$ cat structure_29.txt   # compact mmCIF, C-alpha atoms and all ligand atoms
# COMPACT_ATOMS: atom_id res chain seq x y z
CA MET Q 1 2.01 -34.85 -8.42
CA ARG Q 2 1.40 -32.62 -11.44
CA VAL Q 3 -0.51 -29.45 -10.69
CA ALA Q 4 -2.02 -26.93 -13.12
CA LEU Q 5 -3.03 -23.42 -12.02
CA ILE Q 6 -5.28 -21.59 -14.45
CA GLN Q 7 -4.66 -17.87 -13.97
CA LEU Q 8 -7.79 -16.76 -15.79
CA SER Q 9 -8.10 -13.30 -17.31
CA TYR Q 10 -11.53 -11.76 -17.74
CA ASP Q 11 -13.25 -8.42 -18.13
CA ASP Q 12 -16.87 -7.27 -17.88
CA SER Q 13 -17.92 -8.44 -21.34
CA GLU Q 14 -18.74 -12.15 -20.79
CA SER Q 15 -21.87 -13.77 -19.36
CA VAL Q 16 -21.49 -16.42 -16.67
CA GLU Q 17 -22.39 -19.04 -19.29
CA GLU Q 18 -19.78 -17.82 -21.78
CA ARG Q 19 -17.06 -17.69 -19.14
CA THR Q 20 -17.99 -21.12 -17.80
CA SER Q 21 -17.71 -22.62 -21.24
CA ARG Q 22 -14.31 -20.94 -21.79
CA VAL Q 23 -13.06 -22.20 -18.41
CA VAL Q 24 -14.28 -25.74 -19.08
CA GLY Q 25 -12.22 -25.68 -22.29
CA LEU Q 26 -9.13 -24.53 -20.38
CA VAL Q 27 -9.60 -27.21 -17.71
CA ARG Q 28 -10.02 -29.86 -20.41
CA GLU Q 29 -6.64 -28.87 -21.85
CA GLN Q 30 -5.03 -29.81 -18.49
CA ALA Q 31 -5.67 -33.56 -18.91
CA GLY Q 32 -2.65 -35.39 -17.50
CA HIS Q 33 -2.46 -33.23 -14.37
CA ASP Q 34 -3.45 -34.66 -10.98
CA LEU Q 35 -4.80 -31.39 -9.59
CA VAL Q 36 -6.20 -28.38 -11.45
CA VAL Q 37 -6.89 -25.08 -9.65
CA LEU Q 38 -9.05 -22.09 -10.65
CA PRO Q 39 -9.24 -18.58 -9.09
CA GLU Q 40 -11.70 -17.04 -6.64
CA LEU Q 41 -15.18 -16.00 -7.87
CA TRP Q 42 -14.27 -16.31 -11.55
CA PRO Q 43 -17.87 -16.99 -12.72
CA MET Q 44 -19.41 -13.94 -11.00
CA GLY Q 45 -16.42 -11.55 -10.95
CA GLY Q 46 -14.20 -11.15 -7.89
CA PHE Q 47 -14.88 -7.42 -7.52
CA ASP Q 48 -18.21 -7.18 -9.37
CA TYR Q 49 -20.16 -6.75 -6.14
CA ARG Q 50 -23.23 -5.34 -7.84
CA ALA Q 51 -23.76 -8.49 -9.93
CA TRP Q 52 -23.27 -11.03 -7.16
CA SER Q 53 -26.83 -11.43 -5.94
CA GLU Q 54 -28.23 -11.83 -9.44
CA LYS Q 55 -25.51 -14.29 -10.48
CA ALA Q 56 -25.41 -16.40 -7.29
CA GLN Q 57 -25.81 -20.17 -7.65
CA THR Q 58 -26.10 -23.23 -5.43
CA THR Q 59 -23.26 -25.72 -5.07
CA ASN Q 60 -25.25 -27.88 -7.48
CA GLY Q 61 -25.95 -25.11 -10.01
CA ALA Q 62 -24.84 -24.79 -13.61
CA VAL Q 63 -21.24 -23.81 -12.81
CA ALA Q 64 -20.79 -26.69 -10.36
CA GLN Q 65 -22.30 -29.16 -12.81
CA ALA Q 66 -19.99 -28.05 -15.61
CA LEU Q 67 -16.95 -28.33 -13.30
CA SER Q 68 -18.03 -31.75 -12.08
CA GLN Q 69 -18.33 -33.03 -15.64
CA VAL Q 70 -14.95 -31.76 -16.78
CA ALA Q 71 -13.18 -33.06 -13.64
CA ALA Q 72 -14.57 -36.55 -14.37
CA GLU Q 73 -13.70 -36.22 -18.07
CA ILE Q 74 -10.01 -35.50 -17.42
CA GLY Q 75 -9.81 -37.66 -14.27
CA ALA Q 76 -8.22 -34.94 -12.10
CA VAL Q 77 -9.01 -33.40 -8.75
CA LEU Q 78 -10.44 -29.97 -9.59
CA HIS Q 79 -10.38 -27.06 -7.17
CA GLY Q 80 -12.99 -25.06 -9.03
CA GLY Q 81 -12.11 -21.75 -7.37
CA SER Q 82 -15.09 -20.15 -5.66
CA ILE Q 83 -18.61 -19.08 -6.54
CA VAL Q 84 -21.09 -16.69 -5.00
CA GLU Q 85 -23.19 -19.34 -3.28
CA ARG Q 86 -26.85 -18.89 -2.49
CA PRO Q 87 -27.98 -22.15 -0.87
CA SER Q 88 -31.67 -22.90 -1.02
CA GLY Q 89 -33.44 -22.03 2.21
CA GLU Q 90 -30.40 -21.08 4.33
CA THR Q 91 -29.50 -17.74 5.86
CA GLY Q 92 -26.53 -17.10 8.12
CA PRO Q 93 -26.31 -15.49 11.57
CA GLU Q 94 -26.29 -11.99 10.00
CA GLY Q 95 -29.47 -12.75 8.02
CA LYS Q 96 -27.74 -12.87 4.61
CA ASP Q 97 -28.03 -15.69 2.11
CA LEU Q 98 -24.73 -15.42 0.15
CA TRP Q 99 -21.32 -16.98 0.83
CA ASN Q 100 -18.00 -16.99 -1.05
CA THR Q 101 -17.70 -20.76 -1.43
CA SER Q 102 -14.90 -22.86 -2.89
CA LEU Q 103 -15.78 -26.14 -4.61
CA VAL Q 104 -13.49 -29.17 -4.85
CA PHE Q 105 -14.35 -32.14 -7.09
CA ASP Q 106 -12.61 -35.49 -7.03
CA ALA Q 107 -11.34 -37.24 -10.15
CA GLN Q 108 -14.75 -38.88 -10.60
CA GLY Q 109 -16.46 -35.49 -10.60
CA GLU Q 110 -18.02 -35.75 -7.15
CA LEU Q 111 -18.18 -32.54 -5.10
CA VAL Q 112 -16.14 -33.71 -2.11
CA THR Q 113 -15.44 -30.49 -0.20
CA THR Q 114 -16.70 -26.95 0.04
CA TYR Q 115 -15.07 -24.07 1.92
CA ARG Q 116 -16.84 -20.83 2.82
CA LYS Q 117 -14.36 -17.93 2.99
CA ILE Q 118 -13.86 -17.04 6.64
CA HIS Q 119 -12.32 -13.54 6.37
CA ARG Q 120 -14.48 -11.29 4.18
CA PHE Q 121 -12.79 -8.52 2.20
CA GLY Q 122 -14.18 -5.00 1.84
CA PHE Q 123 -14.30 -3.50 5.35
CA ALA Q 124 -17.72 -1.73 5.50
CA GLY Q 125 -18.59 -2.64 1.88
CA GLY Q 126 -18.12 -5.60 -0.45
CA GLU Q 127 -18.12 -9.02 1.12
CA PRO Q 128 -18.97 -8.09 4.74
CA LYS Q 129 -21.93 -6.07 3.49
CA LEU Q 130 -23.26 -8.71 1.11
CA MET Q 131 -22.08 -12.07 2.40
CA GLU Q 132 -21.94 -14.22 5.48
CA ALA Q 133 -18.57 -15.36 6.85
CA GLY Q 134 -17.65 -19.02 6.79
CA ALA Q 135 -16.89 -20.66 10.12
CA ASP Q 136 -15.28 -24.00 9.33
CA LEU Q 137 -11.87 -25.20 8.24
CA ALA Q 138 -11.79 -27.47 5.18
CA LEU Q 139 -9.04 -29.94 4.26
CA ILE Q 140 -8.73 -32.37 1.37
CA ASP Q 141 -6.49 -35.30 0.52
CA LEU Q 142 -4.38 -34.63 -2.55
CA PRO Q 143 -3.53 -37.34 -5.11
CA ASP Q 144 0.04 -37.65 -3.74
CA GLY Q 145 -1.28 -38.48 -0.25
CA SER Q 146 -0.58 -35.04 1.20
CA ARG Q 147 -3.24 -33.06 3.03
CA ALA Q 148 -4.24 -29.65 1.70
CA ALA Q 149 -6.13 -26.94 3.55
CA LEU Q 150 -8.40 -24.50 1.76
CA SER Q 151 -8.50 -20.73 2.14
CA THR Q 152 -9.43 -17.83 -0.12
CA CYS Q 153 -7.63 -14.60 -1.04
CA TYR Q 154 -8.00 -12.14 1.91
CA ASP Q 155 -7.70 -15.12 4.32
CA LEU Q 156 -4.01 -14.99 3.42
CA ARG Q 157 -3.57 -11.99 5.72
CA PHE Q 158 -4.54 -14.02 8.81
CA PRO Q 159 -1.65 -16.33 9.80
CA GLU Q 160 -3.61 -17.87 12.69
CA LEU Q 161 -5.87 -19.57 10.12
CA TYR Q 162 -2.90 -21.39 8.60
CA ARG Q 163 -1.56 -22.41 12.02
CA ALA Q 164 -4.99 -23.89 12.79
CA GLN Q 165 -4.82 -25.75 9.49
CA ILE Q 166 -1.38 -27.25 10.13
CA ASP Q 167 -2.64 -28.31 13.57
CA GLN Q 168 -5.21 -30.34 11.62
CA GLY Q 169 -2.47 -31.99 9.59
CA ALA Q 170 -2.17 -29.69 6.58
CA THR Q 171 1.03 -29.97 4.57
CA ALA Q 172 -0.22 -27.81 1.69
CA PHE Q 173 -2.39 -24.72 1.25
CA VAL Q 174 -4.55 -24.20 -1.85
CA ILE Q 175 -5.49 -20.52 -2.18
CA PRO Q 176 -7.66 -19.19 -5.02
CA ALA Q 177 -7.76 -15.40 -5.23
CA ALA Q 178 -8.95 -12.23 -6.95
CA TRP Q 179 -6.09 -10.13 -5.60
CA PRO Q 180 -5.64 -6.71 -7.20
CA MET Q 181 -2.50 -5.39 -8.85
CA ALA Q 182 -2.45 -2.45 -6.41
CA ARG Q 183 -1.34 -4.79 -3.61
CA VAL Q 184 0.32 -7.57 -5.57
CA GLU Q 185 3.57 -7.28 -3.60
CA HIS Q 186 1.61 -8.07 -0.41
CA TRP Q 187 0.31 -11.19 -2.17
CA ARG Q 188 3.77 -12.33 -3.26
CA LEU Q 189 5.33 -11.71 0.15
CA LEU Q 190 2.51 -13.23 2.21
CA LEU Q 191 2.48 -16.40 0.08
CA ARG Q 192 6.16 -16.90 0.84
CA ALA Q 193 5.64 -16.06 4.50
CA ARG Q 194 2.87 -18.66 4.87
CA ALA Q 195 5.04 -21.27 3.10
CA ILE Q 196 8.08 -20.59 5.28
CA GLU Q 197 6.41 -20.12 8.67
CA ASP Q 198 4.22 -23.21 8.26
CA GLN Q 199 6.74 -25.27 6.28
CA ALA Q 200 4.04 -26.03 3.74
CA LEU Q 201 3.50 -26.18 0.00
CA VAL Q 202 1.56 -23.14 -1.20
CA ILE Q 203 -0.53 -23.47 -4.37
CA ALA Q 204 -1.99 -20.03 -5.06
CA CYS Q 205 -4.10 -19.20 -8.13
CA ASN Q 206 -4.89 -15.53 -8.76
CA THR Q 207 -6.96 -13.75 -11.41
CA ALA Q 208 -5.71 -11.60 -14.34
CA GLY Q 209 -7.38 -8.88 -16.39
CA THR Q 210 -9.50 -5.90 -15.31
CA HIS Q 211 -13.12 -6.18 -14.24
CA ALA Q 212 -15.41 -3.84 -12.34
CA ARG Q 213 -12.67 -1.20 -12.81
CA THR Q 214 -10.23 -3.25 -10.72
CA GLU Q 215 -6.98 -4.47 -12.24
CA MET Q 216 -6.08 -7.95 -11.03
CA GLY Q 217 -2.54 -8.80 -10.00
CA GLY Q 218 -1.75 -12.21 -11.52
CA HIS Q 219 1.46 -13.72 -10.11
CA SER Q 220 -0.10 -17.06 -9.26
CA ALA Q 221 2.58 -19.20 -7.67
CA VAL Q 222 3.61 -22.57 -6.32
CA ILE Q 223 6.00 -22.15 -3.41
CA GLY Q 224 7.89 -24.84 -1.53
CA PRO Q 225 8.23 -25.15 2.26
CA GLY Q 226 11.53 -23.27 2.32
CA GLY Q 227 10.03 -20.31 0.46
CA GLU Q 228 11.44 -21.45 -2.88
CA ASN Q 229 9.47 -20.46 -5.98
CA LEU Q 230 8.63 -23.66 -7.86
CA ALA Q 231 6.73 -21.56 -10.41
CA GLU Q 232 5.37 -18.05 -10.71
CA ALA Q 233 3.10 -16.58 -13.37
CA GLY Q 234 3.29 -13.13 -14.89
CA GLU Q 235 0.45 -10.65 -15.07
CA GLY Q 236 -1.71 -11.96 -17.94
CA GLN Q 237 -3.70 -15.12 -18.53
CA GLU Q 238 -1.40 -18.10 -18.09
CA VAL Q 239 -1.43 -21.74 -17.05
CA LEU Q 240 1.27 -22.83 -14.63
CA SER Q 241 2.12 -26.53 -14.85
CA VAL Q 242 4.28 -27.80 -12.00
CA ASP Q 243 5.63 -31.19 -10.94
CA ILE Q 244 5.74 -31.32 -7.16
CA PRO Q 245 8.56 -33.57 -5.89
CA ASP Q 246 7.49 -36.38 -3.56
CA ARG Q 247 8.24 -35.83 0.15
CA LEU Q 248 9.01 -32.13 -0.38
CA VAL Q 249 7.28 -31.01 2.82
CA ALA Q 250 8.12 -34.12 4.86
CA ASP Q 251 11.82 -33.72 4.10
CA ALA Q 252 11.80 -30.00 4.88
CA ARG Q 253 10.07 -30.57 8.22
CA GLU Q 254 12.45 -33.38 9.11
CA THR Q 255 15.68 -31.61 8.24
CA PHE Q 256 14.74 -28.25 9.84
CA PRO Q 257 12.12 -29.13 12.50
CA VAL Q 258 11.19 -25.60 13.54
CA LEU Q 259 7.49 -26.41 14.03
CA ALA Q 260 8.43 -28.73 16.91
CA ASP Q 261 9.68 -25.65 18.80
CA ARG Q 262 6.28 -23.96 18.96
CA ARG Q 263 5.41 -23.13 22.58
CA LEU Q 264 2.06 -21.32 22.49
CA ASN Q 265 -0.10 -24.14 21.18
CA GLN Q 266 -1.28 -27.59 22.14
CA ARG Q 267 1.29 -29.38 20.01
CA SER Q 268 4.33 -27.83 21.74
CA SER Q 269 6.53 -30.59 22.97
CA ARG Q 270 9.63 -28.77 24.21
N1 LIG Q 301 -10.83 -10.81 -2.95
C1 LIG Q 301 -10.11 -10.50 -1.89
O1 LIG Q 301 -10.20 -11.13 -0.85
C2 LIG Q 301 -9.17 -9.34 -2.07
C3 LIG Q 301 -8.14 -9.22 -0.97
C4 LIG Q 301 -7.28 -8.01 -1.12
O2 LIG Q 301 -7.43 -7.23 -2.04
C5 LIG Q 301 -6.25 -7.75 -0.11
O3 LIG Q 301 -6.17 -8.48 0.89
O4 LIG Q 301 -5.49 -6.79 -0.29

$ encode --input "structure_29.txt" --output "structure tokens"
Amino acid sequence: MRVALIQLSYDDSESVEERTSRVVGLVREQAGHDLVVLPELWPMGGFDYRAWSEKAQTTNGAVAQALSQVAAEIGAVLHGGSIVERPSGETGPEGKDLWNTSLVFDAQGELVTTYRKIHRFGFAGGEPKLMEAGADLALIDLPDGSRAALSTCYDLRFPELYRAQIDQGATAFVIPAAWPMARVEHWRLLLRARAIEDQALVIACNTAGTHARTEMGGHSAVIGPGGENLAEAGEGQEVLSVDIPDRLVADARETFPVLADRRLNQRSSR
């Protein structure tokens, strides 16, 4: 399976329409890949809290339609990163009407899965103040037959989420992010930790550039189930193109079957 991660750089100068058109061009250039991945909240700005409400869209809005078209055009599964979602006529348990929602399109351009970020970043401000929390796990079948679970940025700090995902059959984690430079070493370490502890493939696409006065950390990465770096980006805009060997996770889990020794969950067998 050939995977492309588009580590997009942006600042505060583009409109949503301009950035969408630039991103569509970058996705189009990835024809020949089986899976293309974009970062978290790239259309609205990962840390541009003040613009979120005004820029929110539905999962059938202009951004989603542009992503659907380009996925079909290049015939690849497209993880479109996430958008600030305002569904029509829905509010959550806290009375808010925004979610941080990832969109996945199949190679025909159909929106096949959405994932609403479960762990909201910002403590008393930011996401918890403005958005509802997601409640549901989301998994997709990848073109190589493996099963990928979706999470978003700050979710990475909560290992119990990834254990729940492997209990649902996940062999890979796809993680779009807008993770700042200030804590980029946490990002790099936690990606490896999730790969090693869950013996899974980690496909993690961060943002570059500076927006809303927050410098993004880059260092998107593809990490194998033994913690090996299959690819890692630098700090600026960059596309990572990676060939994932067949049976990478299956072989790792067979030759070093540590997950079979879990005792505090339903799947423990020893
Ligand atoms: N967008 C985010 O979720 C940022 C997370 C972050 O900065 C951190 O966990 O640190």

$ axis_aligned_box --input "structure_29.txt" --around "range 182-197 of chain Q" --padding-each-side "5 Å" --output "AutoDock Vina command-line options"
--center_x 2.8 --center_y -11.9 --center_z 1.1 --size_x 20.5 --size_y 28.8 --size_z 25.1

$ atom_distance --input "structure_29.txt" --atom1 "CA of Ser241 in chain Q" --atom2 "CA of Ala193 in chain Q"
22.3 Å

$ residues_near_ligand --input "structure_29.txt" --ligand "ligand LIG 301 (chain Q)" --cutoff "9 Å" --atoms "only C-alpha atoms and all ligand atoms" --output "VMD selection string"
chain Q and resid 40 to 41 46 to 47 117 119 to 122 127 152 to 157 177 to 184 186 to 187

$ residues_around --input "structure_29.txt" --residues "Glu17 in chain Q" --least-positions-apart "3" --cutoff "10 Å" --atoms "all atoms listed in the file" --output "list in words"
Glu14, Thr20, Ser21, Arg22, Val23, Pro43, Ala62 and Val63 of chain Q

$ residues_around --input "structure_29.txt" --residues "Gly224 in chain Q" --least-positions-apart "3" --cutoff "6 Å" --atoms "all atoms listed in the file" --output "ChimeraX atom specification"
/Q:201,227-228

$ atom_distance --input "structure_29.txt" --atom1 "CA of Lys129 in chain Q" --atom2 "CA of Leu103 in chain Q"
22.5 Å

$ residues_around --input "structure_29.txt" --residues "Asp97 in chain Q" --least-positions-apart "5" --cutoff "9 Å" --atoms "all atoms listed in the file" --output "PDB file with C-alpha atoms, keeping the file's coordinate frame"
ATOM      1  CA  GLU Q  85     -23.190 -19.340  -3.280  1.00  0.00           C
ATOM      2  CA  ARG Q  86     -26.850 -18.890  -2.490  1.00  0.00           C
ATOM      3  CA  PRO Q  87     -27.980 -22.150  -0.870  1.00  0.00           C
ATOM      4  CA  SER Q  88     -31.670 -22.900  -1.020  1.00  0.00           C
ATOM      5  CA  GLY Q  89     -33.440 -22.030   2.210  1.00  0.00           C
ATOM      6  CA  GLU Q  90     -30.400 -21.080   4.330  1.00  0.00           C
ATOM      7  CA  THR Q  91     -29.500 -17.740   5.860  1.00  0.00           C
ATOM      8  CA  GLY Q  92     -26.530 -17.100   8.120  1.00  0.00           C
ATOM      9  CA  LEU Q 130     -23.260  -8.710   1.110  1.00  0.00           C
ATOM     10  CA  MET Q 131     -22.080 -12.070   2.400  1.00  0.00           C
ATOM     11  CA  GLU Q 132     -21.940 -14.220   5.480  1.00  0.00           C
TER      12      GLU Q 132
END

$ residues_around --input "structure_29.txt" --residues "range 69-79 of chain Q" --least-positions-apart "2" --cutoff "8 Å" --atoms "only C-alpha atoms" --output "ChimeraX atom specification"
/Q:24,27-28,30-38,65-67,81,102-109,142-143

$ residues_near_point --input "structure_29.txt" --point "(-17.8, -10.0, -12.9)" --cutoff "10 Å" --atoms "only C-alpha atoms" --output "ChimeraX atom specification"
/Q:10-16,19,41-52,55,210-212

$ residues_near_point --input "structure_29.txt" --point "(-0.2, -24.4, -6.5)" --cutoff "7 Å" --atoms "only C-alpha atoms" --output "list in words"
Val3, Leu5, Val174, Val202, Ile203, Ala204, Cys205, Ala221 and Val222 of chain Q

$ residues_around --input "structure_29.txt" --residues "Asp251 in chain Q" --least-positions-apart "4" --cutoff "12 Å" --atoms "all atoms listed in the file" --output "PyMOL selection string"
chain Q and resi 171+199-201+224-226+245-247+255-257

$ closest_residue --input "structure_29.txt" --among "Q:Asp141, Q:Ser220, Q:Glu110, Q:Gly80" --to "Leu240 in chain Q" --atoms "all atoms listed in the file"
Q:Ser220

$ closest_residue --input "structure_29.txt" --among "Q:Leu139, Q:Gln165, Q:Leu26, Q:Gly217" --to "Arg188 in chain Q" --atoms "only C-alpha atoms"
Q:Gly217

$ closest_residue --input "structure_29.txt" --among "Q:Ala172, Q:Ala233, Q:Ile166, Q:Ala148" --to "Gly218 in chain Q" --atoms "only C-alpha atoms"
Q:Ala233

$ atom_distance --input "structure_29.txt" --atom1 "CA of Leu137 in chain Q" --atom2 "CA of Ala231 in chain Q"
26.6 Å

$ build_atoms --input "structure_29.txt" --residues "range 66-97 of chain Q" --atoms "N, CA and C atoms" --output "CSV table (one decimal), in the coordinates of the input"
chain,number,residue,atom,x,y,z
Q,66,ALA,N,-21.0,-28.1,-14.5
Q,66,ALA,CA,-20.0,-28.0,-15.6
Q,66,ALA,C,-18.6,-28.5,-15.1
Q,67,LEU,N,-18.3,-28.0,-13.9
Q,67,LEU,CA,-17.0,-28.3,-13.3
Q,67,LEU,C,-16.9,-29.8,-13.0
Q,68,SER,N,-18.0,-30.3,-12.4
Q,68,SER,CA,-18.0,-31.8,-12.1
Q,68,SER,C,-17.8,-32.6,-13.3
Q,69,GLN,N,-18.5,-32.2,-14.4
Q,69,GLN,CA,-18.3,-33.0,-15.6
Q,69,GLN,C,-16.9,-33.0,-16.2
Q,70,VAL,N,-16.3,-31.8,-16.2
Q,70,VAL,CA,-15.0,-31.8,-16.8
Q,70,VAL,C,-13.9,-32.4,-15.9
Q,71,ALA,N,-14.1,-32.4,-14.5
Q,71,ALA,CA,-13.2,-33.1,-13.6
Q,71,ALA,C,-13.2,-34.6,-13.9
Q,72,ALA,N,-14.4,-35.1,-14.1
Q,72,ALA,CA,-14.6,-36.6,-14.4
Q,72,ALA,C,-14.0,-36.9,-15.7
Q,73,GLU,N,-14.2,-36.0,-16.7
Q,73,GLU,CA,-13.7,-36.2,-18.1
Q,73,GLU,C,-12.2,-36.3,-18.1
Q,74,ILE,N,-11.5,-35.4,-17.4
Q,74,ILE,CA,-10.0,-35.5,-17.4
Q,74,ILE,C,-9.4,-36.3,-16.3
Q,75,GLY,N,-10.3,-36.8,-15.4
Q,75,GLY,CA,-9.8,-37.7,-14.3
Q,75,GLY,C,-8.8,-37.0,-13.3
Q,76,ALA,N,-9.1,-35.7,-13.0
Q,76,ALA,CA,-8.2,-34.9,-12.1
Q,76,ALA,C,-9.0,-34.4,-11.0
Q,77,VAL,N,-8.4,-34.2,-9.8
Q,77,VAL,CA,-9.0,-33.4,-8.8
Q,77,VAL,C,-9.1,-32.0,-9.2
Q,78,LEU,N,-10.3,-31.3,-9.1
Q,78,LEU,CA,-10.4,-30.0,-9.6
Q,78,LEU,C,-10.9,-29.1,-8.4
Q,79,HIS,N,-10.0,-28.1,-8.1
Q,79,HIS,CA,-10.4,-27.1,-7.2
Q,79,HIS,C,-11.0,-26.0,-8.1
Q,80,GLY,N,-12.3,-25.9,-8.1
Q,80,GLY,CA,-13.0,-25.1,-9.0
Q,80,GLY,C,-13.0,-23.6,-8.7
Q,81,GLY,N,-12.1,-23.1,-7.8
Q,81,GLY,CA,-12.1,-21.8,-7.4
Q,81,GLY,C,-13.4,-21.6,-6.5
Q,82,SER,N,-13.9,-20.3,-6.5
Q,82,SER,CA,-15.1,-20.2,-5.7
Q,82,SER,C,-16.2,-19.5,-6.5
Q,83,ILE,N,-17.4,-19.7,-5.9
Q,83,ILE,CA,-18.6,-19.1,-6.5
Q,83,ILE,C,-19.3,-18.2,-5.5
Q,84,VAL,N,-20.2,-17.3,-5.9
Q,84,VAL,CA,-21.1,-16.7,-5.0
Q,84,VAL,C,-22.2,-17.7,-4.8
Q,85,GLU,N,-22.2,-18.3,-3.6
Q,85,GLU,CA,-23.2,-19.3,-3.3
Q,85,GLU,C,-24.5,-18.8,-2.6
Q,86,ARG,N,-25.6,-19.1,-3.2
Q,86,ARG,CA,-26.8,-18.9,-2.5
Q,86,ARG,C,-27.5,-20.3,-2.3
Q,87,PRO,N,-27.4,-20.8,-1.1
Q,87,PRO,CA,-28.0,-22.2,-0.9
Q,87,PRO,C,-29.5,-22.0,-0.8
Q,88,SER,N,-30.2,-23.1,-1.1
Q,88,SER,CA,-31.7,-22.9,-1.0
Q,88,SER,C,-32.1,-23.0,0.4
Q,89,GLY,N,-32.8,-22.0,0.9
Q,89,GLY,CA,-33.4,-22.0,2.2
Q,89,GLY,C,-32.5,-21.9,3.4
Q,90,GLU,N,-31.3,-21.3,3.2
Q,90,GLU,CA,-30.4,-21.1,4.3
Q,90,GLU,C,-30.0,-19.6,4.4
Q,91,THR,N,-30.1,-19.1,5.6
Q,91,THR,CA,-29.5,-17.7,5.9
Q,91,THR,C,-28.5,-17.9,7.0
Q,92,GLY,N,-27.5,-17.0,7.1
Q,92,GLY,CA,-26.5,-17.1,8.1
Q,92,GLY,C,-26.9,-16.3,9.3
Q,93,PRO,N,-26.0,-16.2,10.3
Q,93,PRO,CA,-26.3,-15.5,11.6
Q,93,PRO,C,-26.6,-14.0,11.4
Q,94,GLU,N,-26.0,-13.4,10.3
Q,94,GLU,CA,-26.3,-12.0,10.0
Q,94,GLU,C,-27.5,-11.8,9.1
Q,95,GLY,N,-28.2,-12.9,8.8
Q,95,GLY,CA,-29.5,-12.8,8.0
Q,95,GLY,C,-29.2,-12.7,6.5
Q,96,LYS,N,-28.0,-12.9,6.1
Q,96,LYS,CA,-27.7,-12.9,4.6
Q,96,LYS,C,-27.8,-14.3,4.0
Q,97,ASP,N,-27.9,-14.4,2.7
Q,97,ASP,CA,-28.0,-15.7,2.1
Q,97,ASP,C,-27.0,-16.0,1.1
